[in-house]
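S.K.: Shown below is the structure under consideration.
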Amino acid sequence: MRCIRVGAHALLVEVADVAAATALFAVARSRDVRAVDIVPAARTVLFDGVPDVESLAAEVGTWSAAPTAQPEPAEEVEVPTVYDGEDLAHVARLWEMTQREVVATHTSTAMVVAFCGFAPGFAYCTGLPARLSVSRLDAPRPKVPAGSVGLAGEFTGVYPSASPGGWRLLGRTDLTLWDQEREHPATLAPGTRVRFVEVSG
Amino acid sequence: MTGRLVTVVDPGPLTTVQDRGRPGWAHLGVPRSGALDQPAASLGNRLVGNEETDAVLEAMVGGLALEVSTAMTAAVTGAHAVVEVDGRRQAFGEPVSVRGGQTLRIAGLHWGLRCYVALAGGVDVPVVLGSRATDTLSGIGPAPLAAGDQLPIGPPRGRPRGSDVDVSAPPPSPVTLRVGRGPRDDWFSGAALETLSRATYTVSADSNRIGLRLDGPALERARVEELPSEGIVLGAVQVPAAGTPLVFLNDHPTTGGYPVLGVVDPHDLPACAQLSPGDRVRLRA
C-alpha cells in the first residue's frame with residue numbers, strides 16, 4: 001500500500017489490485033473517515049476533501065496492519081438479463097466456448113461492484129477471472145442503449161443511460177440502474193454484490 | 001405559474017444554473033459541478049442579500065437577456081461586463097433594481113469569460129442530489145437555459161448590500177497557476193517537468209466547464225504503459241495521450257485513465273473560469 005498526496009486536501013491510496021481497492025473502500029466506509037468523497041477505482045482509493053491529509057495517511061497504514069472486523073456483507077442485486085447482445089458470438093470465440101457456455105459462465109459468477117465511473121451509476125463489476133479479459137471495441141459504438149450489459153477488460157458493466165461506448169455487449173436488462181430521486185440513486189453502488197440472471201426476451 | 005419569475009429572452013452562448021455543486025457523490029460517478037468562479041458567485045449572492053449557497057446563473061459573456069416578472073434586485077459579478085436594464089447602463093458588481101417587465105442584459109464585456117447573475121431570493125429550480133447546479137458532463141440538474149424558459153425565483157431573503165470587494169482589476173497576462181506536484185509526476189521525464197515550468201501555454205477553444213485545455217509544448221512521459229483509471233480531484237492537471245495538459249474544472253469526470261502530473265492551488269481556480277481561448281497561462285510546479 002502506498003499513500004500519495006494529491007494537492008492540499010486529497011490522498012490517493014494505491015493498492016495491489018482491484019480486490020484490494022474494493023476491500024479498502026469497504027473498510028473506509030465502515031469507519032468514520034473525515035473525507036467529502038471516497039472514490040474507489042481499479043488500483044486505488046481516493047480520499048478527497050480531507051481536512052488533515054497527514055493524519056489520514058498515518059491512519060490508513062494502521063488499517064492493513066490490524067485487520068478490522070469484516071464489514072457487513074453488502075446486499076446482493078440480481079440483474080435480469082436477456083443474453084442477445086451484438087458481441088455475444090465474438091466473446092464466445094474469444095473465450096473458446098459456445099454462446100450458451102458464455103451465458104452459463106457469466107450467470108454463475110458471483111460479482112461485486114468495484115467502482116463507478118464513466119457516467120452516474122455506471123458500475124464496474126468484478127468477478128470474472130483475468131483469463132476471460134476482453135479488449136474494448138477498436139471504435140466505440142456511437143450509441144449504446146440504456147440497460148446494455150457489456151464486458152471490457154476484467155469488468156462487466158451495465159449502461160445506466162444511452163451513450164457512446166466501446167464495451168463488448170452480451171445482452172440487456174430492464175433493471176433501473178440510476179434514479180436520482182431515490183435516497184440511494186445507484187442500484188449498483190461500490191461494494192454491492194451482483195448476480196446476472198438469464199431471462200427470456 | 002405566478003410569483004417571482006425570470007423569462008429567458010436570450011440565453012447567450014451558454015448559461016447554466018450554478019451553486020456550490022454536489023460534492024459527496026463521486027463514488028457513484030457524479031461530478032461535483034458548481035460555479036467555476038465561486039468567489040464571484042458568492043459576491044453576487046451577498047450583493048442581493050442571498051445566502052452564499054443560493055443558486056445563481058453562470059453566463060458565458062455576450063447576449064444573456066432576462067425579463068423579470070416583478071420588481072427584484074439583481075447583481076452581475078465575475079467577468080467584467082456591461083450591464084443594461086431596458087437599454088440603460090447599470091453598475092457592474094453592485095445591486096441593481098429591476099422593475100417588473102424590464103429586461104436585464106449582459107450587453108458587452110471588458111474582460112473575463114463567465115458572468116454570474118444573482119437574483120434576490122435565488123434561482124429556485126428543483127434540488128437534485130443536494131444541488132441545483134447544471135452538470136454539463138452527466139446532464140444532472142437543469143438543462144442549459146433556452147429562449148423562453150421561465151425560472152422560478154425564491155422569496156427575497158435579506159437586504160441588498162453594497163460591493164465589498166474590488167472587482168475592477170483585470171487579471172495579469174499570462175495568468176500564473178500554482179501547481180502542487182503529484183500524484184503521477186513520476187510518470188513524466190525530468191525534461192517534461194522543466195518544460196512545464198518554462199513554457200507559456202495558450203487556452204484552447206475546446207475548453208469548457210469540464211476542463212481548461214491548453215495548447216503548447218507536449219510533456220514527455222517517462223512511463224508509457226496504460227494507467228488504470230483512478231479518482232480525479234478538482235484542479236487536477238491531467239496529461240492525455242497528445243501530451244498537452246488540461247486542468248480539470250467543476251464538471252470533471254470522477255475517474256480518469258491518464259496520469260495527473262499535479263494539482264492547481266484551489267486559490268487559483270477562480271482565475272481559470274475567466275480565461276478565454278487564446279489567453280496565456282503559466283503553470284508553476
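Convention: chains lettered A, B, ... in C-alpha cells order; per-chain residue numbering from 1; ligands numbered from 1 as shown.
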Mind listing as an mmCIF file with N, CA, C and O atoms, in the first residue's frame which residues of chain A are within 7 Å of chain B, counting only C-alpha atoms?
M.R.:
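Written out: result-v8.cif:
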```cif
data_model
loop_
_atom_site.group_PDB
_atom_site.id
_atom_site.type_symbol
_atom_site.label_atom_id
_atom_site.label_comp_id
_atom_site.auth_asym_id
_atom_site.auth_seq_id
_atom_site.Cartn_x
_atom_site.Cartn_y
_atom_site.Cartn_z
ATOM 1 N N ILE A 4 -0.243 8.581 -1.586
ATOM 2 C CA ILE A 4 0.300 9.685 -2.378
ATOM 3 C C ILE A 4 -0.594 10.905 -2.162
ATOM 4 O O ILE A 4 -1.815 10.835 -2.342
ATOM 5 N N ARG A 5 0.036 12.018 -1.792
ATOM 6 C CA ARG A 5 -0.727 13.270 -1.636
ATOM 7 C C ARG A 5 -1.173 13.781 -2.991
ATOM 8 O O ARG A 5 -0.426 13.733 -3.967
ATOM 9 N N VAL A 6 -2.387 14.304 -3.037
ATOM 10 C CA VAL A 6 -2.937 14.884 -4.268
ATOM 11 C C VAL A 6 -3.412 16.284 -3.915
ATOM 12 O O VAL A 6 -4.477 16.447 -3.316
ATOM 13 N N GLY A 7 -2.601 17.293 -4.247
ATOM 14 C CA GLY A 7 -2.964 18.643 -3.857
ATOM 15 C C GLY A 7 -2.981 18.769 -2.340
ATOM 16 O O GLY A 7 -2.390 17.958 -1.615
ATOM 17 N N VAL A 36 -14.818 14.265 2.202
ATOM 18 C CA VAL A 36 -16.051 14.604 1.500
ATOM 19 C C VAL A 36 -16.393 13.491 0.500
ATOM 20 O O VAL A 36 -17.539 13.087 0.366
ATOM 21 N N ASP A 37 -15.394 12.999 -0.203
ATOM 22 C CA ASP A 37 -15.589 11.954 -1.207
ATOM 23 C C ASP A 37 -14.564 10.852 -0.984
ATOM 24 O O ASP A 37 -13.385 11.134 -0.732
ATOM 25 N N ILE A 38 -15.022 9.602 -1.085
ATOM 26 C CA ILE A 38 -14.115 8.452 -1.090
ATOM 27 C C ILE A 38 -14.408 7.708 -2.385
ATOM 28 O O ILE A 38 -15.519 7.230 -2.599
ATOM 29 N N VAL A 39 -13.419 7.669 -3.283
ATOM 30 C CA VAL A 39 -13.652 7.207 -4.653
ATOM 31 C C VAL A 39 -12.781 5.984 -4.936
ATOM 32 O O VAL A 39 -11.572 6.109 -5.188
ATOM 33 N N PRO A 40 -13.382 4.776 -4.930
ATOM 34 C CA PRO A 40 -12.606 3.596 -5.302
ATOM 35 C C PRO A 40 -12.415 3.554 -6.812
ATOM 36 O O PRO A 40 -13.205 4.117 -7.559
ATOM 37 N N ALA A 41 -11.357 2.881 -7.244
ATOM 38 C CA ALA A 41 -11.101 2.712 -8.677
ATOM 39 C C ALA A 41 -10.376 1.387 -8.873
ATOM 40 O O ALA A 41 -10.457 0.494 -8.029
ATOM 41 N N ALA A 42 -9.658 1.235 -9.996
ATOM 42 C CA ALA A 42 -9.120 -0.074 -10.360
ATOM 43 C C ALA A 42 -7.973 -0.526 -9.455
ATOM 44 O O ALA A 42 -7.844 -1.718 -9.154
ATOM 45 N N ARG A 43 -7.104 0.396 -9.037
ATOM 46 C CA ARG A 43 -5.962 0.032 -8.186
ATOM 47 C C ARG A 43 -5.803 0.988 -7.024
ATOM 48 O O ARG A 43 -4.784 0.970 -6.333
ATOM 49 N N THR A 44 -6.774 1.873 -6.849
ATOM 50 C CA THR A 44 -6.611 2.974 -5.884
ATOM 51 C C THR A 44 -7.933 3.271 -5.174
ATOM 52 O O THR A 44 -9.012 2.914 -5.651
ATOM 53 N N LEU A 46 -9.306 7.027 -3.679
ATOM 54 C CA LEU A 46 -9.025 8.448 -3.491
ATOM 55 C C LEU A 46 -9.866 8.977 -2.332
ATOM 56 O O LEU A 46 -11.078 8.770 -2.302
ATOM 57 N N ASP A 48 -10.903 12.485 -0.922
ATOM 58 C CA ASP A 48 -10.884 13.891 -1.352
ATOM 59 C C ASP A 48 -11.673 14.734 -0.347
ATOM 60 O O ASP A 48 -12.645 14.252 0.238
ATOM 61 N N PHE A 115 -16.214 -0.293 -8.525
ATOM 62 C CA PHE A 115 -16.289 1.178 -8.526
ATOM 63 C C PHE A 115 -17.259 1.632 -9.603
ATOM 64 O O PHE A 115 -17.712 0.836 -10.420
ATOM 65 N N CYS A 116 -17.615 2.917 -9.551
ATOM 66 C CA CYS A 116 -18.450 3.533 -10.582
ATOM 67 C C CYS A 116 -17.625 4.584 -11.303
ATOM 68 O O CYS A 116 -16.691 5.144 -10.749
ATOM 69 N N GLY A 117 -17.981 4.846 -12.528
ATOM 70 C CA GLY A 117 -17.300 5.887 -13.289
ATOM 71 C C GLY A 117 -17.919 5.950 -14.656
ATOM 72 O O GLY A 117 -18.899 5.237 -14.924
ATOM 73 N N PHE A 118 -17.400 6.783 -15.503
ATOM 74 C CA PHE A 118 -17.847 6.953 -16.882
ATOM 75 C C PHE A 118 -19.176 7.712 -16.947
ATOM 76 O O PHE A 118 -19.306 8.647 -17.706
ATOM 77 N N ALA A 119 -20.155 7.314 -16.128
ATOM 78 C CA ALA A 119 -21.436 8.020 -16.068
ATOM 79 C C ALA A 119 -22.042 7.724 -14.699
ATOM 80 O O ALA A 119 -21.701 6.711 -14.084
ATOM 81 N N PRO A 120 -22.951 8.582 -14.206
ATOM 82 C CA PRO A 120 -23.554 8.302 -12.902
ATOM 83 C C PRO A 120 -24.212 6.919 -12.898
ATOM 84 O O PRO A 120 -25.010 6.593 -13.768
ATOM 85 N N GLY A 121 -23.826 6.092 -11.921
ATOM 86 C CA GLY A 121 -24.413 4.775 -11.772
ATOM 87 C C GLY A 121 -23.840 3.714 -12.684
ATOM 88 O O GLY A 121 -24.305 2.575 -12.662
ATOM 89 N N GLN A 180 -32.203 9.386 -9.672
ATOM 90 C CA GLN A 180 -31.671 10.412 -8.771
ATOM 91 C C GLN A 180 -32.727 10.920 -7.785
ATOM 92 O O GLN A 180 -32.393 11.684 -6.886
ATOM 93 N N ALA A 186 -27.972 5.017 -7.097
ATOM 94 C CA ALA A 186 -27.358 3.976 -7.928
ATOM 95 C C ALA A 186 -27.793 2.597 -7.427
ATOM 96 O O ALA A 186 -27.644 2.282 -6.247
ATOM 97 N N ALA A 189 -24.034 0.306 -6.530
ATOM 98 C CA ALA A 189 -23.031 1.189 -5.914
ATOM 99 C C ALA A 189 -21.810 0.347 -5.533
ATOM 100 O O ALA A 189 -21.909 -0.873 -5.389
#
```
S.K.: Within 7 Å of stretch 92-104 of chain A, counting only C-alpha atoms, which residues qualify if same-chain residues fewer than 4 places away don't, as a PyMOL selection string?
M.R.: chain A and resi 83+88+108+132
S.K.: Keeping only N, CA, C and O atoms, write those residues as a PDB file, in the first residue's frame.
M.R.:
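What follows is the written file result-v3.pdb:
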```pdb
ATOM      1  N   TYR A  83     -29.720 -12.373 -22.841  1.00  0.00           N
ATOM      2  CA  TYR A  83     -28.392 -12.520 -23.465  1.00  0.00           C
ATOM      3  C   TYR A  83     -28.530 -12.606 -24.990  1.00  0.00           C
ATOM      4  O   TYR A  83     -28.485 -13.682 -25.575  1.00  0.00           O
ATOM      5  N   LEU A  88     -22.035 -11.193 -28.436  1.00  0.00           N
ATOM      6  CA  LEU A  88     -22.052 -12.493 -27.750  1.00  0.00           C
ATOM      7  C   LEU A  88     -21.238 -13.523 -28.541  1.00  0.00           C
ATOM      8  O   LEU A  88     -20.431 -14.274 -27.961  1.00  0.00           O
ATOM      9  N   SER A 108     -23.110 -17.617 -13.594  1.00  0.00           N
ATOM     10  CA  SER A 108     -22.690 -18.377 -12.414  1.00  0.00           C
ATOM     11  C   SER A 108     -21.577 -17.676 -11.642  1.00  0.00           C
ATOM     12  O   SER A 108     -21.111 -18.180 -10.629  1.00  0.00           O
ATOM     13  N   LEU A 132     -10.342 -14.364 -18.734  1.00  0.00           N
ATOM     14  CA  LEU A 132     -11.501 -14.060 -19.580  1.00  0.00           C
ATOM     15  C   LEU A 132     -11.595 -12.565 -19.914  1.00  0.00           C
ATOM     16  O   LEU A 132     -12.619 -12.100 -20.388  1.00  0.00           O
TER      17      LEU A 132
END
```
S.K.: Mind giving me the straight-line distance from atom CA of B:Ala199 to atom CA of B:Ala35 in Å, one decimal?
M.R.: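 Atom CA of B:Ala35 lies at a distance of 28.6 Å from atom CA of B:Ala199.
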S.K.: Give me the residues within 7 Å of B:Gln274 as a list in words, counting only C-alpha atoms and dropping any in the same chain fewer than 6 places off.
M.R.: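 The filter keeps Ala79, Gly112, Leu113 and Arg114 of chain B.
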S.K.: Keeping only all heavy atoms, write those residues as a PDB file, in the first residue's frame.
M.R.:
```
ATOM      1  N   ALA B  79     -16.931  37.913 -14.744  1.00  0.00           N
ATOM      2  CA  ALA B  79     -16.360  38.614 -15.890  1.00  0.00           C
ATOM      3  C   ALA B  79     -16.880  40.042 -15.917  1.00  0.00           C
ATOM      4  O   ALA B  79     -18.073  40.290 -15.710  1.00  0.00           O
ATOM      5  CB  ALA B  79     -16.731  37.895 -17.178  1.00  0.00           C
ATOM      6  N   GLY B 112     -12.621  38.886 -19.072  1.00  0.00           N
ATOM      7  CA  GLY B 112     -13.150  37.685 -18.444  1.00  0.00           C
ATOM      8  C   GLY B 112     -14.027  36.896 -19.391  1.00  0.00           C
ATOM      9  O   GLY B 112     -14.162  37.231 -20.578  1.00  0.00           O
ATOM     10  N   LEU B 113     -14.616  35.815 -18.885  1.00  0.00           N
ATOM     11  CA  LEU B 113     -15.400  34.924 -19.746  1.00  0.00           C
ATOM     12  C   LEU B 113     -16.766  34.592 -19.154  1.00  0.00           C
ATOM     13  O   LEU B 113     -17.725  34.439 -19.896  1.00  0.00           O
ATOM     14  CB  LEU B 113     -14.611  33.624 -19.973  1.00  0.00           C
ATOM     15  CG  LEU B 113     -15.245  32.610 -20.908  1.00  0.00           C
ATOM     16  CD1 LEU B 113     -15.331  33.173 -22.326  1.00  0.00           C
ATOM     17  CD2 LEU B 113     -14.468  31.301 -20.912  1.00  0.00           C
ATOM     18  N   ARG B 114     -16.842  34.460 -17.824  1.00  0.00           N
ATOM     19  CA  ARG B 114     -18.094  33.993 -17.224  1.00  0.00           C
ATOM     20  C   ARG B 114     -18.619  35.012 -16.210  1.00  0.00           C
ATOM     21  O   ARG B 114     -17.929  35.359 -15.246  1.00  0.00           O
ATOM     22  CB  ARG B 114     -17.905  32.635 -16.540  1.00  0.00           C
ATOM     23  CG  ARG B 114     -17.638  31.514 -17.537  1.00  0.00           C
ATOM     24  CD  ARG B 114     -17.465  30.172 -16.864  1.00  0.00           C
ATOM     25  NE  ARG B 114     -17.357  29.097 -17.841  1.00  0.00           N
ATOM     26  CZ  ARG B 114     -16.204  28.631 -18.331  1.00  0.00           C
ATOM     27  NH1 ARG B 114     -15.059  29.137 -17.924  1.00  0.00           N
ATOM     28  NH2 ARG B 114     -16.211  27.668 -19.226  1.00  0.00           N
TER      29      ARG B 114
END
```
S.K.: Between B:Arg178, B:His252, B:Arg22, B:Arg213, which residue has the minimum interatomic distance to B:Leu283, considering only C-alpha atoms?
M.R.: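 Of all the options, B:Arg178 lies closest to B:Leu283.
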S.K.: For each of A:Val113, A:Leu128, A:Leu11, A:Val18, take the minimum atom-to-atom distance to A:Glu59, counting only C-alpha atoms, then give the residue where this is smallest.
M.R.: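 When distances to A:Glu59 are compared using only C-alpha atoms, the smallest one comes from A:Leu11.
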S.K.: Of the residues A:Ser163, A:Val82, A:Phe47, A:Met1, which is the one nearest to A:Asp17, using only C-alpha atoms?
M.R.: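 Between A:Ser163, A:Val82, A:Phe47, A:Met1, the residue approaching A:Asp17 most closely is A:Met1.
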S.K.: Taking the chain letters and numbering used in this document, name the residues of chain A that DSSP puts in helix (DSSP H, G or I), as a PyMOL selection string.
M.R.: chain A and resi 18-30+53-65+88-95+99-107+130-132
S.K.: Skip B:Leu249 itself and residues of its chain fewer than 6 positions away, then list as a ChimeraX atom specification all residues within 8 Å of it, counting only C-alpha atoms.
M.R.: /B:36,209-212,234-235,269
S.K.: Measuring between only C-alpha atoms, which one of B:Ser33, B:Gln238, B:Ser42, B:Ser197 shows the shortest distance to B:Val117?
M.R.: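 Ranking B:Ser33, B:Gln238, B:Ser42, B:Ser197 by distance to B:Val117, first place goes to B:Ser42.
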S.K.: Hey, what does DSSP flag as strand (DSSP E) within stretch 31-278 of chain B? Can you give it to me as a short mmCIF file (atom, residue, chain, number, x, y, z; two decimals) with N, CA and C atoms, in the first residue's frame?
M.R.:
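Result written to selection.cif:
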```
data_model
loop_
_atom_site.label_atom_id
_atom_site.label_comp_id
_atom_site.auth_asym_id
_atom_site.auth_seq_id
_atom_site.Cartn_x
_atom_site.Cartn_y
_atom_site.Cartn_z
N VAL B 56 -27.30 30.77 -8.60
CA VAL B 56 -27.18 31.93 -9.49
C VAL B 56 -27.10 31.41 -10.93
N LEU B 57 -27.03 32.35 -11.86
CA LEU B 57 -26.83 31.97 -13.26
C LEU B 57 -25.37 32.22 -13.63
N GLU B 58 -24.76 31.23 -14.27
CA GLU B 58 -23.39 31.38 -14.79
C GLU B 58 -23.51 31.54 -16.29
N ALA B 59 -23.13 32.70 -16.79
CA ALA B 59 -23.36 33.03 -18.20
C ALA B 59 -22.04 33.29 -18.90
N MET B 60 -21.77 32.52 -19.95
CA MET B 60 -20.64 32.91 -20.80
C MET B 60 -21.02 34.21 -21.47
N ALA B 65 -30.10 37.73 -21.85
CA ALA B 65 -31.13 38.73 -21.55
C ALA B 65 -32.26 38.05 -20.79
N LEU B 66 -32.65 38.65 -19.67
CA LEU B 66 -33.67 38.08 -18.78
C LEU B 66 -34.74 39.12 -18.52
N GLU B 67 -36.02 38.73 -18.71
CA GLU B 67 -37.12 39.62 -18.36
C GLU B 67 -37.67 39.19 -17.01
N VAL B 68 -37.80 40.13 -16.09
CA VAL B 68 -38.27 39.77 -14.75
C VAL B 68 -39.77 40.03 -14.65
N MET B 72 -37.33 43.10 -8.71
CA MET B 72 -36.37 42.34 -7.91
C MET B 72 -34.98 42.94 -8.06
N THR B 73 -34.14 42.63 -7.07
CA THR B 73 -32.76 43.10 -7.09
C THR B 73 -31.89 42.04 -7.74
N ALA B 74 -30.99 42.51 -8.61
CA ALA B 74 -30.06 41.61 -9.29
C ALA B 74 -28.65 42.17 -9.12
N ALA B 75 -27.65 41.31 -9.34
CA ALA B 75 -26.27 41.78 -9.38
C ALA B 75 -25.50 40.92 -10.35
N VAL B 76 -24.63 41.57 -11.12
CA VAL B 76 -23.79 40.85 -12.07
C VAL B 76 -22.35 40.96 -11.58
N THR B 77 -21.70 39.77 -11.44
CA THR B 77 -20.31 39.72 -10.97
C THR B 77 -19.52 38.80 -11.90
N GLY B 78 -18.26 38.56 -11.57
CA GLY B 78 -17.42 37.67 -12.38
C GLY B 78 -16.77 38.43 -13.52
N ALA B 79 -16.93 37.91 -14.74
CA ALA B 79 -16.36 38.61 -15.89
C ALA B 79 -16.88 40.04 -15.92
N HIS B 80 -15.99 41.00 -16.18
CA HIS B 80 -16.36 42.42 -16.09
C HIS B 80 -17.19 42.80 -17.31
N ALA B 81 -18.51 42.90 -17.10
CA ALA B 81 -19.45 43.02 -18.21
C ALA B 81 -20.14 44.38 -18.23
N VAL B 82 -20.71 44.69 -19.37
CA VAL B 82 -21.59 45.85 -19.50
C VAL B 82 -23.00 45.37 -19.19
N VAL B 83 -23.61 45.96 -18.17
CA VAL B 83 -24.93 45.53 -17.71
C VAL B 83 -25.95 46.59 -18.10
N GLU B 84 -27.05 46.17 -18.70
CA GLU B 84 -28.10 47.12 -19.07
C GLU B 84 -29.45 46.63 -18.58
N VAL B 85 -30.32 47.59 -18.21
CA VAL B 85 -31.72 47.28 -17.95
C VAL B 85 -32.53 48.14 -18.91
N ARG B 88 -30.54 50.76 -20.62
CA ARG B 88 -29.82 51.78 -19.84
C ARG B 88 -28.71 51.13 -19.04
N ARG B 89 -27.53 51.70 -19.15
CA ARG B 89 -26.33 51.19 -18.50
C ARG B 89 -26.50 51.16 -16.98
N GLN B 90 -26.08 50.04 -16.37
CA GLN B 90 -26.18 49.87 -14.92
C GLN B 90 -24.80 49.56 -14.36
N VAL B 96 -28.57 46.01 -8.43
CA VAL B 96 -29.31 46.74 -9.47
C VAL B 96 -30.79 46.44 -9.27
N SER B 97 -31.62 47.50 -9.24
CA SER B 97 -33.07 47.28 -9.11
C SER B 97 -33.68 47.13 -10.50
N VAL B 98 -34.42 46.05 -10.70
CA VAL B 98 -35.09 45.82 -11.98
C VAL B 98 -36.58 45.77 -11.69
N THR B 103 -36.03 44.23 -18.79
CA THR B 103 -35.09 43.20 -19.24
C THR B 103 -33.68 43.57 -18.83
N LEU B 104 -33.06 42.64 -18.12
CA LEU B 104 -31.65 42.77 -17.72
C LEU B 104 -30.82 42.09 -18.79
N ARG B 105 -29.78 42.78 -19.26
CA ARG B 105 -28.99 42.23 -20.37
C ARG B 105 -27.49 42.36 -20.10
N ILE B 106 -26.75 41.29 -20.44
CA ILE B 106 -25.29 41.37 -20.48
C ILE B 106 -24.94 41.86 -21.88
N ALA B 107 -24.58 43.13 -21.98
CA ALA B 107 -24.52 43.76 -23.29
C ALA B 107 -23.11 43.83 -23.87
N GLY B 108 -22.10 43.54 -23.08
CA GLY B 108 -20.74 43.64 -23.59
C GLY B 108 -19.77 43.24 -22.51
N LEU B 109 -18.50 43.28 -22.86
CA LEU B 109 -17.51 42.71 -21.96
C LEU B 109 -16.24 43.55 -21.97
N HIS B 110 -15.69 43.79 -20.78
CA HIS B 110 -14.37 44.40 -20.68
C HIS B 110 -13.28 43.34 -20.57
N TRP B 111 -13.46 42.38 -19.69
CA TRP B 111 -12.53 41.26 -19.59
C TRP B 111 -13.20 40.09 -18.91
N GLY B 112 -12.62 38.89 -19.07
CA GLY B 112 -13.15 37.69 -18.44
C GLY B 112 -14.03 36.90 -19.39
N LEU B 113 -14.62 35.82 -18.89
CA LEU B 113 -15.40 34.92 -19.75
C LEU B 113 -16.77 34.59 -19.15
N ARG B 114 -16.84 34.46 -17.82
CA ARG B 114 -18.09 33.99 -17.22
C ARG B 114 -18.62 35.01 -16.21
N CYS B 115 -19.86 35.47 -16.45
CA CYS B 115 -20.55 36.34 -15.51
C CYS B 115 -21.43 35.51 -14.59
N TYR B 116 -21.70 36.07 -13.43
CA TYR B 116 -22.68 35.48 -12.52
C TYR B 116 -23.80 36.48 -12.31
N VAL B 117 -25.03 36.03 -12.55
CA VAL B 117 -26.20 36.88 -12.34
C VAL B 117 -26.91 36.34 -11.10
N ALA B 118 -26.83 37.10 -10.03
CA ALA B 118 -27.53 36.73 -8.79
C ALA B 118 -28.85 37.50 -8.75
N LEU B 119 -29.91 36.81 -8.33
CA LEU B 119 -31.23 37.41 -8.24
C LEU B 119 -31.71 37.23 -6.81
N GLN B 150 -38.73 29.71 -18.31
CA GLN B 150 -39.10 30.53 -17.16
C GLN B 150 -38.50 29.91 -15.92
N LEU B 151 -37.77 30.69 -15.16
CA LEU B 151 -37.11 30.20 -13.95
C LEU B 151 -37.79 30.79 -12.73
N PRO B 152 -38.21 29.93 -11.76
CA PRO B 152 -38.76 30.46 -10.51
C PRO B 152 -37.66 31.09 -9.66
N VAL B 175 -1.58 34.56 -17.00
CA VAL B 175 -2.02 34.17 -15.67
C VAL B 175 -1.12 33.04 -15.19
N THR B 176 -0.68 33.11 -13.94
CA THR B 176 0.13 32.02 -13.38
C THR B 176 -0.72 31.16 -12.46
N LEU B 177 -0.70 29.86 -12.73
CA LEU B 177 -1.41 28.90 -11.88
C LEU B 177 -0.36 28.11 -11.10
N ARG B 178 -0.45 28.17 -9.77
CA ARG B 178 0.48 27.40 -8.95
C ARG B 178 0.04 25.94 -8.91
N VAL B 179 0.97 25.03 -9.12
CA VAL B 179 0.65 23.61 -9.23
C VAL B 179 1.47 22.83 -8.19
N GLY B 180 0.79 22.07 -7.36
CA GLY B 180 1.47 21.12 -6.47
C GLY B 180 1.65 19.81 -7.21
N ARG B 181 2.87 19.28 -7.21
CA ARG B 181 3.14 18.07 -7.99
C ARG B 181 2.46 16.84 -7.39
N TYR B 201 1.57 28.46 -21.98
CA TYR B 201 0.53 27.76 -22.74
C TYR B 201 -0.55 28.75 -23.15
N THR B 202 -1.33 28.31 -24.14
CA THR B 202 -2.44 29.12 -24.63
C THR B 202 -3.73 28.36 -24.41
N VAL B 203 -4.77 29.05 -23.94
CA VAL B 203 -6.05 28.40 -23.69
C VAL B 203 -6.67 27.98 -25.02
N GLY B 211 -13.03 21.11 -18.42
CA GLY B 211 -11.61 21.33 -18.28
C GLY B 211 -11.11 22.52 -19.08
N LEU B 212 -10.02 23.09 -18.58
CA LEU B 212 -9.30 24.15 -19.28
C LEU B 212 -8.22 23.46 -20.10
N ARG B 213 -8.41 23.40 -21.41
CA ARG B 213 -7.46 22.70 -22.27
C ARG B 213 -6.41 23.69 -22.76
N LEU B 214 -5.16 23.25 -22.74
CA LEU B 214 -4.05 24.15 -23.04
C LEU B 214 -3.30 23.68 -24.27
N ASP B 215 -2.95 24.62 -25.13
CA ASP B 215 -2.09 24.35 -26.28
C ASP B 215 -0.68 24.84 -25.95
N GLU B 230 -8.26 6.08 -12.14
CA GLU B 230 -8.23 6.44 -10.71
C GLU B 230 -8.99 7.74 -10.49
N GLY B 231 -9.35 7.97 -9.22
CA GLY B 231 -10.15 9.14 -8.88
C GLY B 231 -9.43 10.44 -9.22
N ALA B 236 -7.05 19.06 -11.02
CA ALA B 236 -6.03 18.10 -11.47
C ALA B 236 -5.51 18.51 -12.84
N VAL B 237 -4.18 18.48 -12.99
CA VAL B 237 -3.55 18.75 -14.29
C VAL B 237 -3.27 17.40 -14.93
N GLN B 238 -4.14 17.01 -15.84
CA GLN B 238 -4.03 15.70 -16.48
C GLN B 238 -3.33 15.88 -17.83
N LEU B 246 -4.30 19.52 -19.47
CA LEU B 246 -5.58 20.17 -19.22
C LEU B 246 -5.79 20.25 -17.73
N VAL B 247 -6.51 21.29 -17.30
CA VAL B 247 -6.83 21.48 -15.89
C VAL B 247 -8.30 21.14 -15.70
N PHE B 248 -8.59 20.15 -14.86
CA PHE B 248 -9.97 19.74 -14.67
C PHE B 248 -10.72 20.76 -13.82
N THR B 255 -13.42 9.77 -12.48
CA THR B 255 -12.22 8.96 -12.62
C THR B 255 -11.62 9.19 -14.00
N GLY B 256 -10.34 8.87 -14.14
CA GLY B 256 -9.69 9.04 -15.44
C GLY B 256 -8.48 8.14 -15.54
N VAL B 260 -2.12 12.19 -13.84
CA VAL B 260 -2.26 13.56 -13.33
C VAL B 260 -0.90 13.98 -12.77
N LEU B 261 -0.34 15.01 -13.40
CA LEU B 261 1.01 15.48 -13.06
C LEU B 261 1.01 16.29 -11.77
N GLY B 262 -0.06 17.05 -11.58
CA GLY B 262 -0.12 17.91 -10.39
C GLY B 262 -1.52 18.45 -10.21
N VAL B 263 -1.68 19.30 -9.20
CA VAL B 263 -2.99 19.86 -8.87
C VAL B 263 -2.85 21.37 -8.70
N VAL B 264 -3.71 22.12 -9.37
CA VAL B 264 -3.69 23.57 -9.26
C VAL B 264 -4.16 24.00 -7.87
#
```
S.K.: To one decimal place in Å, what is the distance between atom CA of A:Asp87 and atom CA of A:Phe196?
M.R.: 17.0 Å
S.K.: Restricting the calculation to only C-alpha atoms, which member of B:Gly93, B:Pro245, B:Gly122, B:Pro240 is positioned closest to B:Gly216?
M.R.: B:Pro245
S.K.: Interatomic distance between atom CA of B:Val17 and atom CA of B:Arg132?
M.R.: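 Distance between the two atoms: 6.8 Å.
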